[in-house]
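Student: Got structure22.pdb for you, PDB, C-alpha atoms:
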ATOM      1  CA  MET A   1      54.549  66.989 -34.716
ATOM      2  CA  ARG A   2      54.928  70.359 -33.059
ATOM      3  CA  LEU A   3      52.637  71.967 -30.489
ATOM      4  CA  TYR A   4      52.624  75.752 -30.132
ATOM      5  CA  VAL A   5      51.717  76.838 -26.612
ATOM      6  CA  TYR A   6      52.083  79.273 -23.729
ATOM      7  CA  GLU A   7      53.349  77.726 -20.501
ATOM      8  CA  HIS A   8      50.639  79.311 -18.346
ATOM      9  CA  CYS A   9      47.722  78.534 -20.671
ATOM     10  CA  PRO A  10      45.306  75.889 -19.319
ATOM     11  CA  PHE A  11      43.985  75.186 -22.810
ATOM     12  CA  CYS A  12      47.536  74.451 -23.912
ATOM     13  CA  VAL A  13      47.913  72.122 -20.934
ATOM     14  CA  LYS A  14      44.866  70.158 -22.124
ATOM     15  CA  ALA A  15      46.584  69.547 -25.456
ATOM     16  CA  ARG A  16      49.914  68.699 -23.802
ATOM     17  CA  MET A  17      48.252  66.200 -21.448
ATOM     18  CA  ILE A  18      47.113  63.783 -24.128
ATOM     19  CA  PHE A  19      50.622  63.496 -25.591
ATOM     20  CA  GLY A  20      52.017  62.681 -22.163
ATOM     21  CA  LEU A  21      49.255  60.249 -21.248
ATOM     22  CA  LYS A  22      49.756  58.337 -24.498
ATOM     23  CA  ASN A  23      53.543  58.800 -24.469
ATOM     24  CA  ILE A  24      53.469  60.236 -27.982
ATOM     25  CA  PRO A  25      56.467  62.453 -28.788
ATOM     26  CA  VAL A  26      55.758  66.068 -29.704
ATOM     27  CA  GLU A  27      57.958  69.145 -29.963
ATOM     28  CA  ILE A  28      56.739  71.902 -27.635
ATOM     29  CA  LYS A  29      57.256  75.417 -29.015
ATOM     30  CA  VAL A  30      56.465  78.314 -26.674
ATOM     31  CA  LEU A  31      55.448  81.500 -28.480
ATOM     32  CA  LEU A  32      56.018  84.972 -27.105
ATOM     33  CA  ASN A  33      52.730  86.319 -25.793
ATOM     34  CA  ASP A  34      52.866  89.356 -28.079
ATOM     35  CA  ASP A  35      53.636  87.307 -31.204
ATOM     36  CA  GLU A  36      50.479  87.761 -33.240
ATOM     37  CA  LYS A  37      52.040  87.087 -36.644
ATOM     38  CA  THR A  38      52.947  83.414 -36.112
ATOM     39  CA  PRO A  39      49.542  82.047 -35.024
ATOM     40  CA  VAL A  40      47.686  84.265 -37.507
ATOM     41  CA  SER A  41      49.820  82.846 -40.322
ATOM     42  CA  MET A  42      48.866  79.325 -39.222
ATOM     43  CA  VAL A  43      45.169  79.485 -38.341
ATOM     44  CA  GLY A  44      44.032  83.044 -39.104
ATOM     45  CA  LYS A  45      43.885  84.351 -35.532
ATOM     46  CA  LYS A  46      46.016  84.830 -32.444
ATOM     47  CA  MET A  47      45.392  81.749 -30.359
ATOM     48  CA  VAL A  48      47.080  78.711 -28.841
ATOM     49  CA  PRO A  49      47.382  75.782 -28.687
ATOM     50  CA  ILE A  50      48.069  75.018 -32.322
ATOM     51  CA  LEU A  51      49.183  71.574 -33.440
ATOM     52  CA  GLN A  52      51.338  71.264 -36.528
ATOM     53  CA  LYS A  53      50.462  67.762 -37.672
ATOM     54  CA  ALA A  54      52.786  65.287 -39.325
ATOM     55  CA  ASP A  55      51.385  66.233 -42.724
ATOM     56  CA  GLY A  56      52.273  69.894 -42.116
ATOM     57  CA  GLY A  57      48.705  71.058 -41.579
ATOM     58  CA  PHE A  58      47.674  73.129 -38.567
ATOM     59  CA  MET A  59      44.958  72.327 -36.028
ATOM     60  CA  PRO A  60      43.776  74.812 -33.376
ATOM     61  CA  GLU A  61      41.385  74.289 -30.427
ATOM     62  CA  SER A  62      42.535  72.266 -27.431
ATOM     63  CA  MET A  63      39.793  69.623 -27.374
ATOM     64  CA  ASP A  64      40.011  69.081 -31.133
ATOM     65  CA  ILE A  65      43.704  68.347 -30.637
ATOM     66  CA  VAL A  66      42.958  66.062 -27.680
ATOM     67  CA  HIS A  67      40.407  64.041 -29.652
ATOM     68  CA  TYR A  68      42.638  63.871 -32.732
ATOM     69  CA  ILE A  69      45.635  62.542 -30.806
ATOM     70  CA  ASP A  70      43.603  60.240 -28.563
ATOM     71  CA  LYS A  71      42.062  58.511 -31.568
ATOM     72  CA  SER A  72      45.165  58.616 -33.791
ATOM     73  CA  ASP A  73      46.361  55.119 -32.881
ATOM     74  CA  GLY A  74      42.929  53.489 -32.668
ATOM     75  CA  LYS A  75      43.376  52.984 -28.920
ATOM     76  CA  PRO A  76      41.640  55.907 -27.184
ATOM     77  CA  LEU A  77      42.418  56.453 -23.505
ATOM     78  CA  LEU A  78      39.667  58.897 -22.566
ATOM     79  CA  THR A  79      36.889  56.330 -22.367
ATOM     80  CA  GLY A  80      35.870  56.637 -18.712
ATOM     81  CA  PRO A  81      32.560  57.994 -17.409
ATOM     82  CA  LEU A  82      31.936  61.675 -16.775
ATOM     83  CA  ASN A  83      30.697  63.158 -13.508
ATOM     84  CA  ALA A  84      28.483  66.236 -13.863
ATOM     85  CA  SER A  85      29.643  67.362 -10.423
ATOM     86  CA  ILE A  86      33.147  67.971 -11.798
ATOM     87  CA  ALA A  87      31.822  70.374 -14.441
ATOM     88  CA  THR A  88      29.665  72.087 -11.830
ATOM     89  CA  TRP A  89      32.657  72.529  -9.516
ATOM     90  CA  LEU A  90      34.761  73.969 -12.340
ATOM     91  CA  ARG A  91      32.048  76.471 -13.280
ATOM     92  CA  HIS A  92      31.768  77.571  -9.664
ATOM     93  CA  VAL A  93      35.459  78.234  -9.076
ATOM     94  CA  SER A  94      35.934  79.845 -12.509
ATOM     95  CA  GLU A  95      34.037  82.834 -11.142
ATOM     96  CA  TYR A  96      37.076  83.922  -9.112
ATOM     97  CA  THR A  97      40.218  81.853  -9.809
ATOM     98  CA  GLY A  98      41.383  84.210 -12.548
ATOM     99  CA  ARG A  99      41.907  86.886  -9.896
ATOM    100  CA  LEU A 100      44.321  84.548  -8.126
ATOM    101  CA  LEU A 101      46.120  83.284 -11.203
ATOM    102  CA  LEU A 102      46.513  86.110 -13.708
ATOM    103  CA  PRO A 103      48.645  88.435 -11.556
ATOM    104  CA  ARG A 104      50.932  85.547 -10.646
ATOM    105  CA  PHE A 105      51.279  84.370 -14.233
ATOM    106  CA  ALA A 106      52.128  87.937 -15.275
ATOM    107  CA  ALA A 107      54.991  88.073 -12.766
ATOM    108  CA  ALA A 108      56.337  84.548 -13.313
ATOM    109  CA  PRO A 109      59.539  83.718 -15.247
ATOM    110  CA  LEU A 110      57.706  81.976 -18.076
ATOM    111  CA  GLU A 111      59.065  81.653 -21.598
ATOM    112  CA  GLU A 112      56.132  83.455 -23.230
ATOM    113  CA  PHE A 113      57.067  86.520 -21.130
ATOM    114  CA  SER A 114      60.793  86.423 -21.869
ATOM    115  CA  THR A 115      60.743  89.977 -23.259
ATOM    116  CA  PRO A 116      59.384  93.059 -21.460
ATOM    117  CA  GLU A 117      57.100  93.726 -24.410
ATOM    118  CA  ALA A 118      55.511  90.273 -24.214
ATOM    119  CA  ARG A 119      54.915  90.580 -20.464
ATOM    120  CA  LYS A 120      53.374  94.041 -20.866
ATOM    121  CA  TYR A 121      51.159  92.812 -23.705
ATOM    122  CA  PHE A 122      49.721  90.097 -21.451
ATOM    123  CA  SER A 123      49.310  92.343 -18.421
ATOM    124  CA  ASP A 124      47.632  95.128 -20.351
ATOM    125  CA  LYS A 125      45.157  92.840 -22.104
ATOM    126  CA  LYS A 126      44.232  90.818 -19.018
ATOM    127  CA  GLN A 127      43.846  93.861 -16.755
ATOM    128  CA  ALA A 128      41.639  95.543 -19.333
ATOM    129  CA  ALA A 129      39.398  92.471 -19.278
ATOM    130  CA  SER A 130      39.513  91.411 -15.618
ATOM    131  CA  GLY A 131      40.612  94.393 -13.545
ATOM    132  CA  SER A 132      43.726  95.603 -11.782
ATOM    133  CA  PHE A 133      46.274  92.960 -10.824
ATOM    134  CA  ALA A 134      47.251  95.053  -7.797
ATOM    135  CA  GLU A 135      43.677  95.023  -6.548
ATOM    136  CA  HIS A 136      43.390  91.275  -7.107
ATOM    137  CA  LEU A 137      46.567  90.703  -5.103
ATOM    138  CA  GLN A 138      45.190  92.779  -2.241
ATOM    139  CA  HIS A 139      42.352  90.247  -1.967
ATOM    140  CA  SER A 140      44.602  87.179  -2.187
ATOM    141  CA  GLU A 141      44.126  86.088   1.423
ATOM    142  CA  GLY A 142      40.359  85.805   1.060
ATOM    143  CA  LEU A 143      40.623  84.145  -2.345
ATOM    144  CA  VAL A 144      43.133  81.600  -1.029
ATOM    145  CA  LYS A 145      40.747  80.726   1.784
ATOM    146  CA  LYS A 146      37.897  80.408  -0.712
ATOM    147  CA  ILE A 147      39.720  78.069  -3.069
ATOM    148  CA  SER A 148      40.979  76.016  -0.117
ATOM    149  CA  GLN A 149      37.380  75.549   0.974
ATOM    150  CA  ASP A 150      36.252  74.653  -2.523
ATOM    151  CA  LEU A 151      39.097  72.158  -2.875
ATOM    152  CA  ARG A 152      37.742  70.369   0.187
ATOM    153  CA  ALA A 153      34.490  69.916  -1.719
ATOM    154  CA  LEU A 154      36.436  68.602  -4.716
ATOM    155  CA  ASP A 155      38.305  66.174  -2.471
ATOM    156  CA  LYS A 156      35.087  64.204  -2.002
ATOM    157  CA  LEU A 157      34.771  63.766  -5.772
ATOM    158  CA  ILE A 158      38.243  62.296  -6.389
ATOM    159  CA  VAL A 159      37.859  58.548  -6.977
ATOM    160  CA  GLU A 160      41.472  57.611  -7.767
ATOM    161  CA  PRO A 161      44.758  59.554  -7.919
ATOM    162  CA  ASN A 162      45.328  58.450 -11.517
ATOM    163  CA  ALA A 163      41.850  59.428 -12.806
ATOM    164  CA  VAL A 164      39.299  61.651 -11.110
ATOM    165  CA  ASN A 165      36.400  59.277 -11.853
ATOM    166  CA  GLY A 166      38.425  56.057 -11.609
ATOM    167  CA  GLU A 167      39.085  55.813 -15.368
ATOM    168  CA  LEU A 168      40.669  58.462 -17.581
ATOM    169  CA  SER A 169      38.058  60.722 -19.168
ATOM    170  CA  GLU A 170      37.535  64.230 -20.466
ATOM    171  CA  ASP A 171      36.892  65.268 -16.853
ATOM    172  CA  ASP A 172      40.623  64.785 -16.244
ATOM    173  CA  ILE A 173      41.471  66.934 -19.262
ATOM    174  CA  ASN A 174      39.197  69.688 -17.965
ATOM    175  CA  LEU A 175      40.046  69.484 -14.262
ATOM    176  CA  TRP A 176      43.795  68.962 -14.007
ATOM    177  CA  PRO A 177      44.906  72.115 -15.883
ATOM    178  CA  LEU A 178      43.243  74.271 -13.225
ATOM    179  CA  LEU A 179      44.879  72.333 -10.395
ATOM    180  CA  ARG A 180      48.207  72.710 -12.174
ATOM    181  CA  SER A 181      47.596  76.464 -12.506
ATOM    182  CA  LEU A 182      46.721  76.758  -8.823
ATOM    183  CA  SER A 183      50.088  75.250  -7.910
ATOM    184  CA  ILE A 184      51.569  78.711  -8.574
ATOM    185  CA  VAL A 185      49.682  80.127  -5.558
ATOM    186  CA  GLN A 186      51.255  79.920  -2.117
ATOM    187  CA  GLY A 187      49.151  79.248   0.968
ATOM    188  CA  ILE A 188      46.477  77.002  -0.527
ATOM    189  CA  ASP A 189      45.424  74.162   1.761
ATOM    190  CA  TRP A 190      45.513  71.126  -0.525
ATOM    191  CA  PRO A 191      43.347  68.236   0.718
ATOM    192  CA  SER A 192      45.136  64.903   0.575
ATOM    193  CA  ARG A 193      43.153  63.306  -2.259
ATOM    194  CA  VAL A 194      43.290  66.430  -4.416
ATOM    195  CA  GLN A 195      47.019  66.801  -3.862
ATOM    196  CA  ALA A 196      47.670  63.142  -4.653
ATOM    197  CA  TYR A 197      45.622  63.473  -7.848
ATOM    198  CA  ARG A 198      47.336  66.759  -8.790
ATOM    199  CA  ASP A 199      50.826  65.294  -8.315
ATOM    200  CA  ASN A 200      50.109  61.926  -9.917
ATOM    201  CA  MET A 201      48.580  63.516 -13.025
ATOM    202  CA  ALA A 202      51.682  65.694 -13.402
ATOM    203  CA  LYS A 203      53.747  62.504 -13.638
ATOM    204  CA  GLN A 204      51.296  60.768 -15.986
ATOM    205  CA  THR A 205      50.995  63.722 -18.347
ATOM    206  CA  GLN A 206      54.671  64.724 -18.149
ATOM    207  CA  VAL A 207      53.643  68.353 -17.567
ATOM    208  CA  ASN A 208      55.351  70.078 -14.659
ATOM    209  CA  LEU A 209      53.557  71.851 -11.854
ATOM    210  CA  PHE A 210      54.269  75.490 -10.960
ATOM    211  CA  THR A 211      55.193  74.676  -7.349
ATOM    212  CA  ARG A 212      58.729  75.988  -7.756
ATOM    213  CA  LEU A 213      57.329  79.380  -8.861
ATOM    214  CA  ALA A 214      54.644  79.652  -6.176
ATOM    215  CA  SER A 215      54.037  83.157  -4.819
TER
END
As structure tokens, what does this structure read like?
Tutor:
Amino acid sequence: MRLYVYEHCPFCVKARMIFGLKNIPVEIKVLLNDDEKTPVSMVGKKMVPILQKADGGFMPESMDIVHYIDKSDGKPLLTGPLNASIATWLRHVSEYTGRLLLPRFAAAPLEEFSTPEARKYFSDKKQAASGSFAEHLQHSEGLVKKISQDLRALDKLIVEPNAVNGELSEDDINLWPLLRSLSIVQGIDWPSRVQAYRDNMAKQTQVNLFTRLAS
């Protein structure tokens, strides 16, 4: 199987997580961000992740891929309970985390931005939708303080470092990609339980953090 992704994309991380958690081999193929032709030829639109299944067929949509792989061996892992407070927390921080993350992704040495054209394509589209990266960066100090405060609230919700609710569930698939994304931001105050969860899930899922790129 082959999984088409962008390195920065949290939806792609969701799909990558289930392969790592179940230790199922998959070839990871990073597309250039301005490559519209390849995904359109597979699923009719520019999007990732896209799974090329063993039978050659293509499957888009991160959670569809997660469910397909989780159930593929008849031994699903994501059977733990959900906590509505996790979804509430994610909705709350989604109101501003893009302003922290998008400018940093756009400047990072990621494979999907390995040509100037691909990097410009991303920057132009995201700034048109979310505002000037330069302006977002000017407000970084306040945003870093805000996410640090919100992470302290999350810290109280972490049950175990290997599963946010104590057993692996879809809450882990939804929560960890954001924590992984936030690892690209310098200056965040990571509470101990959140950091332990963030780091442990990186090992379990076999998806690297961005710590080495933090800015």
Student: For A:Glu117, find every residue with an atom within 10 Å (counting all atoms listed in the file), except residues of its own chain fewer than 2 positions away, and show them as a ChimeraX atom specification.
Tutor: /A:32-35,113-115,119-123
Student: Enter the distance from atom CA of A:Met1 to atom CA of A:Ile65, in Å, rounded to one decimal.
Tutor: 11.7 Å
Student: For each of A:Val43, A:Ala108, A:Val13, A:Leu102, take the minimum atom-to-atom distance to A:Val66, counting only C-alpha atoms, then give the residue where this is smallest.
Tutor: A:Val13
Student: Could you check the closest approach to A:Leu31 for each of A:Cys9, A:Ile18, A:Leu209, A:Ala128 and tell me which residue wins, using all atoms listed in the file?
Tutor: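 With all atoms listed in the file as the atom set, the closest residue is A:Cys9.
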Student: Would you compute the distance between atom CA of A:Pro39 and atom CA of A:Met59? Give it in Å to one decimal.
Tutor: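 The value is 10.8 Å.
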Student: Hey, what's within 10 Å of A:Lys145 if we count all atoms listed in the file and toss same-chain stuff fewer than 6 positions away? As a PDB file with C-alpha atoms, in the coordinates of the input, please?
Tutor:
ATOM      1  CA  LEU A 151      39.097  72.158  -2.875  1.00  0.00           C
ATOM      2  CA  GLY A 187      49.151  79.248   0.968  1.00  0.00           C
ATOM      3  CA  ILE A 188      46.477  77.002  -0.527  1.00  0.00           C
ATOM      4  CA  ASP A 189      45.424  74.162   1.761  1.00  0.00           C
TER       5      ASP A 189
END
Student: To one decimal place in Å, what is the distance between atom CA of A:His67 and atom CA of A:Ala15?
Tutor: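 Separation between atom CA of A:His67 and atom CA of A:Ala15: 9.3 Å.
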Student: Could you check the closest approach to A:Asn208 for each of A:Tyr96, A:Lys53, A:Ala106, A:Ser183 and tell me which residue wins, using all atoms listed in the file?
Tutor: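 The answer is A:Ser183, which sits nearest to A:Asn208.
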Student: Write out as an NGL selection string which residues come within 10 Å of A:Asn83 when counting all atoms listed in the file, dropping same-chain ones fewer than 3 positions away.
Tutor: :A and (80 or 86-88 or 157 or 164-165 or 169-171)
Student: If you apply the PyMOL selection byres ((chain A and resi 28) around 12) to this file, what residues do you get, as a VMD selection string?
Tutor: chain A and resid 1 to 7 12 to 13 15 to 17 19 to 20 25 to 27 29 to 31 48 to 52 111 207
Student: For those residues, write C-alpha atoms to a file as a CSV table (one decimal), keeping the file's coordinate frame.
Tutor:
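Contents of out10.csv, as written:
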chain,number,residue,atom,x,y,z
A,1,MET,CA,54.5,67.0,-34.7
A,2,ARG,CA,54.9,70.4,-33.1
A,3,LEU,CA,52.6,72.0,-30.5
A,4,TYR,CA,52.6,75.8,-30.1
A,5,VAL,CA,51.7,76.8,-26.6
A,6,TYR,CA,52.1,79.3,-23.7
A,7,GLU,CA,53.3,77.7,-20.5
A,12,CYS,CA,47.5,74.5,-23.9
A,13,VAL,CA,47.9,72.1,-20.9
A,15,ALA,CA,46.6,69.5,-25.5
A,16,ARG,CA,49.9,68.7,-23.8
A,17,MET,CA,48.3,66.2,-21.4
A,19,PHE,CA,50.6,63.5,-25.6
A,20,GLY,CA,52.0,62.7,-22.2
A,25,PRO,CA,56.5,62.5,-28.8
A,26,VAL,CA,55.8,66.1,-29.7
A,27,GLU,CA,58.0,69.1,-30.0
A,29,LYS,CA,57.3,75.4,-29.0
A,30,VAL,CA,56.5,78.3,-26.7
A,31,LEU,CA,55.4,81.5,-28.5
A,48,VAL,CA,47.1,78.7,-28.8
A,49,PRO,CA,47.4,75.8,-28.7
A,50,ILE,CA,48.1,75.0,-32.3
A,51,LEU,CA,49.2,71.6,-33.4
A,52,GLN,CA,51.3,71.3,-36.5
A,111,GLU,CA,59.1,81.7,-21.6
A,207,VAL,CA,53.6,68.4,-17.6
Student: Counting all atoms listed in the file, figure out which residue out of A:Asn200, A:Gln127, A:Ser41, A:Ser72 gets nearest to A:Ala163.
Tutor: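 Looking at the shortest contact to A:Ala163, the residue is A:Asn200.
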Student: Pick out the closest residue to A:Pro76 from this set: A:Val194, A:Leu21, A:Ile184, A:Leu137. Count only C-alpha atoms.
Tutor: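 Checking each candidate against A:Pro76, we get A:Leu21 as the closest.
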Student: Between A:Tyr68, A:Tyr197, A:Phe133, A:Phe58, single out the one closest to A:Gly98, counting all atoms listed in the file.
Tutor: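 Smallest separation from A:Gly98 among the options: A:Phe133.
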Student: Would you kindly return, as a PyMOL selection string, each protein, DNA or RNA residue with an atom no farther than 10 Å from any atom of A:Ala153, considering all atoms listed in the file and excluding same-chain residues fewer than 5 positions away?
Tutor: chain A and resi 89+147-148+158+191+194
Student: Suppose a student applies the PyMOL selection byres ((chain A and resi 193) around 9) to this structure; what residues should they get, written as a ChimeraX atom specification?
Tutor: /A:154-156,158-161,190-192,194-198
Student: N, CA, C and O atoms are what I want for stretch 139-159 of chain A; can you complete it accordingly and write them as a tab-separated table (two decimals), in the coordinates of the input?
Tutor:
chain	number	residue	atom	x	y	z
A	139	HIS	N	43.40	91.14	-2.44
A	139	HIS	CA	42.35	90.25	-1.97
A	139	HIS	C	42.80	88.78	-1.95
A	139	HIS	O	41.97	87.89	-1.80
A	140	SER	N	44.10	88.55	-2.09
A	140	SER	CA	44.60	87.18	-2.19
A	140	SER	C	44.24	86.33	-0.98
A	140	SER	O	43.87	85.16	-1.12
A	141	GLU	N	44.36	86.89	0.22
A	141	GLU	CA	44.13	86.09	1.42
A	141	GLU	C	42.72	85.49	1.41
A	141	GLU	O	42.55	84.29	1.68
A	142	GLY	N	41.73	86.30	1.10
A	142	GLY	CA	40.36	85.80	1.06
A	142	GLY	C	40.15	84.81	-0.06
A	142	GLY	O	39.42	83.82	0.11
A	143	LEU	N	40.77	85.06	-1.21
A	143	LEU	CA	40.62	84.14	-2.35
A	143	LEU	C	41.30	82.81	-2.08
A	143	LEU	O	40.80	81.76	-2.49
A	144	VAL	N	42.45	82.85	-1.38
A	144	VAL	CA	43.13	81.60	-1.03
A	144	VAL	C	42.27	80.78	-0.08
A	144	VAL	O	42.17	79.54	-0.21
A	145	LYS	N	41.65	81.43	0.87
A	145	LYS	CA	40.75	80.73	1.78
A	145	LYS	C	39.57	80.12	1.03
A	145	LYS	O	39.14	78.99	1.31
A	146	LYS	N	39.06	80.88	0.05
A	146	LYS	CA	37.90	80.41	-0.71
A	146	LYS	C	38.24	79.18	-1.55
A	146	LYS	O	37.50	78.19	-1.55
A	147	ILE	N	39.38	79.23	-2.25
A	147	ILE	CA	39.72	78.07	-3.07
A	147	ILE	C	40.08	76.88	-2.18
A	147	ILE	O	39.78	75.73	-2.53
A	148	SER	N	40.67	77.13	-1.03
A	148	SER	CA	40.98	76.02	-0.12
A	148	SER	C	39.69	75.33	0.33
A	148	SER	O	39.62	74.09	0.41
A	149	GLN	N	38.68	76.11	0.59
A	149	GLN	CA	37.38	75.55	0.97
A	149	GLN	C	36.76	74.77	-0.18
A	149	GLN	O	36.24	73.66	0.00
A	150	ASP	N	36.84	75.33	-1.37
A	150	ASP	CA	36.25	74.65	-2.52
A	150	ASP	C	37.03	73.38	-2.88
A	150	ASP	O	36.44	72.41	-3.37
A	151	LEU	N	38.32	73.38	-2.63
A	151	LEU	CA	39.10	72.16	-2.88
A	151	LEU	C	38.69	71.04	-1.92
A	151	LEU	O	38.77	69.86	-2.27
A	152	ARG	N	38.24	71.40	-0.73
A	152	ARG	CA	37.74	70.37	0.19
A	152	ARG	C	36.49	69.71	-0.37
A	152	ARG	O	36.27	68.50	-0.18
A	153	ALA	N	35.67	70.49	-1.06
A	153	ALA	CA	34.49	69.92	-1.72
A	153	ALA	C	34.91	69.01	-2.87
A	153	ALA	O	34.33	67.93	-3.08
A	154	LEU	N	35.93	69.43	-3.61
A	154	LEU	CA	36.44	68.60	-4.72
A	154	LEU	C	37.02	67.30	-4.20
A	154	LEU	O	36.89	66.25	-4.85
A	155	ASP	N	37.65	67.35	-3.04
A	155	ASP	CA	38.30	66.17	-2.47
A	155	ASP	C	37.35	64.99	-2.40
A	155	ASP	O	37.75	63.84	-2.62
A	156	LYS	N	36.09	65.27	-2.13
A	156	LYS	CA	35.09	64.20	-2.00
A	156	LYS	C	34.74	63.57	-3.34
A	156	LYS	O	34.15	62.49	-3.38
A	157	LEU	N	35.10	64.26	-4.44
A	157	LEU	CA	34.77	63.77	-5.77
A	157	LEU	C	35.89	62.95	-6.41
A	157	LEU	O	35.68	62.30	-7.43
A	158	ILE	N	37.09	63.00	-5.82
A	158	ILE	CA	38.24	62.30	-6.39
A	158	ILE	C	38.12	60.80	-6.10
A	158	ILE	O	38.15	60.38	-4.94
A	159	VAL	N	38.01	59.99	-7.15
A	159	VAL	CA	37.86	58.55	-6.98
A	159	VAL	C	39.22	57.87	-6.87
A	159	VAL	O	39.45	57.04	-5.99
